[in-house]
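Participant: First the structure, then my questions, so here it is.
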Amino acid sequence: MANDQEKEAAARASLRFVKDGQVVGLGTGSTAAHFIHLLGEQVKKGLRIRGIPTSERSREQAASLGIPLTTLDECQEIDVTVDGADEVDPQLRLIKGGGGALLREKIVASATKQLVIVADASKRVPVLGKFPLPVEVIKFAQALVAKRIETLGAKVELRRDASGSPYLTDENNYILDCHFGKIRGADGLANKLSDMPGVVEHGLFIGMASVVLVAHGSEIVELRR
């Protein structure tokens, strides 16, 4: 329960980064869901924004709350995006993708002037890697890519849904959850993964976060690069 209260506190603190008239990226995951809920309340009070969701889940939640939505087809520049993270290190490098939306999340982040990350205290780590790194792959290449990632020192598992079938992303791809342990060379690993044929995207978000808001109990710690 305390964890959930921290998520909501961080999400609430992020509202000050959203201004009237902006295009707003809507993240995915439990903390981002708090933000979307709170944003919906502000829209009901008269805040005029247009949202670009990073997943079908976030789109459905935003639509149910009456948040006006747009797309990257209509708007290629986003003023601010609020999203969560699975891990944040002291350089504000992130692991994302635990919720399965890393591809759309990274595309939206790349089009965003200001990426605001909201997180509870458990997400803050000295070194990335305790959380398995998600890598989105096309189905055709999943076994080959898994083998190649294993040569980099990871234990690799194909993500599965509750029924035991391979988990499918919104883009109909698979996700490999890669257990590296402590990732000492995150920048180099990101480049190696990006260069692998069959990899659609990976969950290392490097040099993308503008601000990270971490809730420690009722206190909000603001981290900047």
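A note on labels: chains of the structure tokens are A, B, ... as shown, every chain counts residues from 1, and ligands are counted from 1 in their shown order.
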Enumerate as number ranges by chain all residues of stretch 123-222 of chain A assigned to strand (DSSP E or B) by DSSP on the backbone, naming them with the chain letters and numbers the document uses.
Facilitator: A: 124, 133-137, 155-158, 160, 166, 174-179, 199-202, 204-205, 211-216, 219-222
Participant: Show me, as a Markdown table, the residues of stretch 107-163 of chain A having an atom within 10 Å of stretch 6-23 of chain A, each with the closest atom pair and its distance in Å, using only C-alpha atoms.
Facilitator:
| residue | atom | partner | partner_atom | distance |
| --- | --- | --- | --- | --- |
| A:Thr112 | CA | A:Val23 | CA | 9.3 |
| A:Gln114 | CA | A:Phe17 | CA | 8.8 |
| A:Leu115 | CA | A:Phe17 | CA | 9.8 |
| A:Val116 | CA | A:Ser14 | CA | 7.1 |
| A:Ile117 | CA | A:Ser14 | CA | 8.3 |
| A:Val118 | CA | A:Ala10 | CA | 5.4 |
| A:Ala119 | CA | A:Lys7 | CA | 5.9 |
| A:Asp120 | CA | A:Glu6 | CA | 5.2 |
| A:Ala121 | CA | A:Glu6 | CA | 7.5 |
| A:Ser122 | CA | A:Glu6 | CA | 9.7 |
Participant: Work out how far atom CA of A:Pro166 is from atom CA of A:Asp187, in Å to one decimal.
Facilitator: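 Atom CA of A:Pro166 lies 28.5 Å from atom CA of A:Asp187.
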Participant: Hey, what does DSSP flag as alpha helix (DSSP H) within chain A? Can you give it to me as number ranges by chain?
Facilitator: A: 2-14, 30-44, 56-64, 102-110, 142-150, 186-194
Participant: Using only C-alpha atoms, pick whichever of A:Val88, A:Ala162, A:Leu103, A:Leu144 has the shortest atom-to-atom distance to A:Arg224.
Facilitator: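 Checking each candidate against A:Arg224, we get A:Val88 as the closest.
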Participant: Restricting the calculation to only C-alpha atoms, which member of A:Gly181, A:Gly40, A:Gly100, A:Gly27 is positioned closest to A:Gly84?
Facilitator: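 Comparing A:Gly181, A:Gly40, A:Gly100, A:Gly27 against A:Gly84, the winner is A:Gly27.
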Participant: For stretch 49-62 of chain A, work out the shell of residues within 6 Å, counting only C-alpha atoms and skipping chain neighbours fewer than 5 positions away, then give it as a list of chain:residue names.
Facilitator: A:Gly21, A:Gln22, A:Val23, A:Val24, A:Gly25, A:Leu26, A:Gly27, A:Thr28, A:Ile67, A:Pro68, A:Leu69, A:Thr70, A:Thr71, A:Arg104, A:Glu105
Participant: I'd like the neighbourhood of stretch 221-223 of chain A as a list in words, where a residue qualifies if any of its atoms comes within 9 Å (using only C-alpha atoms), though same-chain residues fewer than 4 positions away should be ignored.
Facilitator: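 Using only C-alpha atoms, the neighbours found are Ala10, Pro90, Leu92, Ser210, Val211, Val212, Leu213, Val214, Ala215 and His216 of chain A.
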Participant: Could you tell me how far atom CA of A:Lys44 sits from atom CA of A:Val80, in Å to one decimal place?
Facilitator: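 For atom CA of A:Val80 relative to atom CA of A:Lys44, the distance reads 19.5 Å.
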Participant: A:Glu77, A:Gly217, A:Val125, A:Gly66: which is nearest A:Leu47, counting only C-alpha atoms?
Facilitator: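 With only C-alpha atoms as the atom set, the closest residue is A:Gly66.
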Participant: Per residue of stretch 139-159 of chain A within 8 Å of stretch 189-204 of chain A, note the shortest atom pair and the distance in Å to one decimal, counting only C-alpha atoms, and order the rows by chain and increasing residue number, as JSON lines.
Facilitator:
{"residue": "A:Phe140", "atom": "CA", "partner": "A:Gly198", "partner_atom": "CA", "distance": 7.8}
{"residue": "A:Ala141", "atom": "CA", "partner": "A:Gly198", "partner_atom": "CA", "distance": 5.3}
{"residue": "A:Gln142", "atom": "CA", "partner": "A:Gly198", "partner_atom": "CA", "distance": 7.3}
{"residue": "A:Val145", "atom": "CA", "partner": "A:Gly198", "partner_atom": "CA", "distance": 6.7}
{"residue": "A:Ile149", "atom": "CA", "partner": "A:Leu193", "partner_atom": "CA", "distance": 7.8}
Participant: Counting only C-alpha atoms, figure out which residue out of A:Arg48, A:Lys96, A:Arg184, A:Arg225 gets nearest to A:Pro132.
Facilitator: A:Lys96
Participant: Which neighbours of A:Asp89 fall inside 10 Å, counting only C-alpha atoms, when residues of the same chain fewer than 5 positions from it are skipped, and could you give them as number ranges by chain?
Facilitator: A: 94-95, 123-129
Participant: Filtering to N, CA, C and O atoms, could you give me those residues as a PDB file, in the first residue's frame?
Facilitator:
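Writing done, so here's result-v2.pdb:
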ATOM      1  N   LEU A  94      17.631   4.550 -17.626  1.00  0.00           N
ATOM      2  CA  LEU A  94      16.451   3.802 -17.195  1.00  0.00           C
ATOM      3  C   LEU A  94      16.433   2.391 -17.774  1.00  0.00           C
ATOM      4  O   LEU A  94      16.960   2.152 -18.864  1.00  0.00           O
ATOM      5  N   ILE A  95      15.790   1.484 -17.043  1.00  0.00           N
ATOM      6  CA  ILE A  95      15.276   0.254 -17.637  1.00  0.00           C
ATOM      7  C   ILE A  95      13.762   0.403 -17.647  1.00  0.00           C
ATOM      8  O   ILE A  95      13.146   0.723 -16.626  1.00  0.00           O
ATOM      9  N   LYS A 123      12.418   1.984  -7.191  1.00  0.00           N
ATOM     10  CA  LYS A 123      12.944   1.977  -8.566  1.00  0.00           C
ATOM     11  C   LYS A 123      14.321   2.619  -8.679  1.00  0.00           C
ATOM     12  O   LYS A 123      14.979   2.520  -9.712  1.00  0.00           O
ATOM     13  N   ARG A 124      14.752   3.278  -7.643  1.00  0.00           N
ATOM     14  CA  ARG A 124      16.045   3.975  -7.672  1.00  0.00           C
ATOM     15  C   ARG A 124      17.159   3.003  -7.276  1.00  0.00           C
ATOM     16  O   ARG A 124      17.114   2.398  -6.204  1.00  0.00           O
ATOM     17  N   VAL A 125      18.140   2.823  -8.167  1.00  0.00           N
ATOM     18  CA  VAL A 125      19.203   1.839  -7.939  1.00  0.00           C
ATOM     19  C   VAL A 125      20.568   2.462  -8.222  1.00  0.00           C
ATOM     20  O   VAL A 125      20.683   3.384  -9.033  1.00  0.00           O
ATOM     21  N   PRO A 126      21.635   1.961  -7.564  1.00  0.00           N
ATOM     22  CA  PRO A 126      22.981   2.466  -7.863  1.00  0.00           C
ATOM     23  C   PRO A 126      23.500   2.005  -9.216  1.00  0.00           C
ATOM     24  O   PRO A 126      24.234   2.721  -9.896  1.00  0.00           O
ATOM     25  N   VAL A 127      23.106   0.769  -9.608  1.00  0.00           N
ATOM     26  CA  VAL A 127      23.535   0.205 -10.896  1.00  0.00           C
ATOM     27  C   VAL A 127      22.338  -0.514 -11.512  1.00  0.00           C
ATOM     28  O   VAL A 127      21.647  -1.280 -10.830  1.00  0.00           O
ATOM     29  N   LEU A 128      22.092  -0.286 -12.794  1.00  0.00           N
ATOM     30  CA  LEU A 128      20.991  -0.970 -13.476  1.00  0.00           C
ATOM     31  C   LEU A 128      21.243  -2.475 -13.566  1.00  0.00           C
ATOM     32  O   LEU A 128      22.389  -2.909 -13.604  1.00  0.00           O
ATOM     33  N   GLY A 129      20.158  -3.250 -13.622  1.00  0.00           N
ATOM     34  CA  GLY A 129      20.306  -4.664 -13.950  1.00  0.00           C
ATOM     35  C   GLY A 129      19.669  -5.655 -13.013  1.00  0.00           C
ATOM     36  O   GLY A 129      19.514  -6.824 -13.373  1.00  0.00           O
TER      37      GLY A 129
END
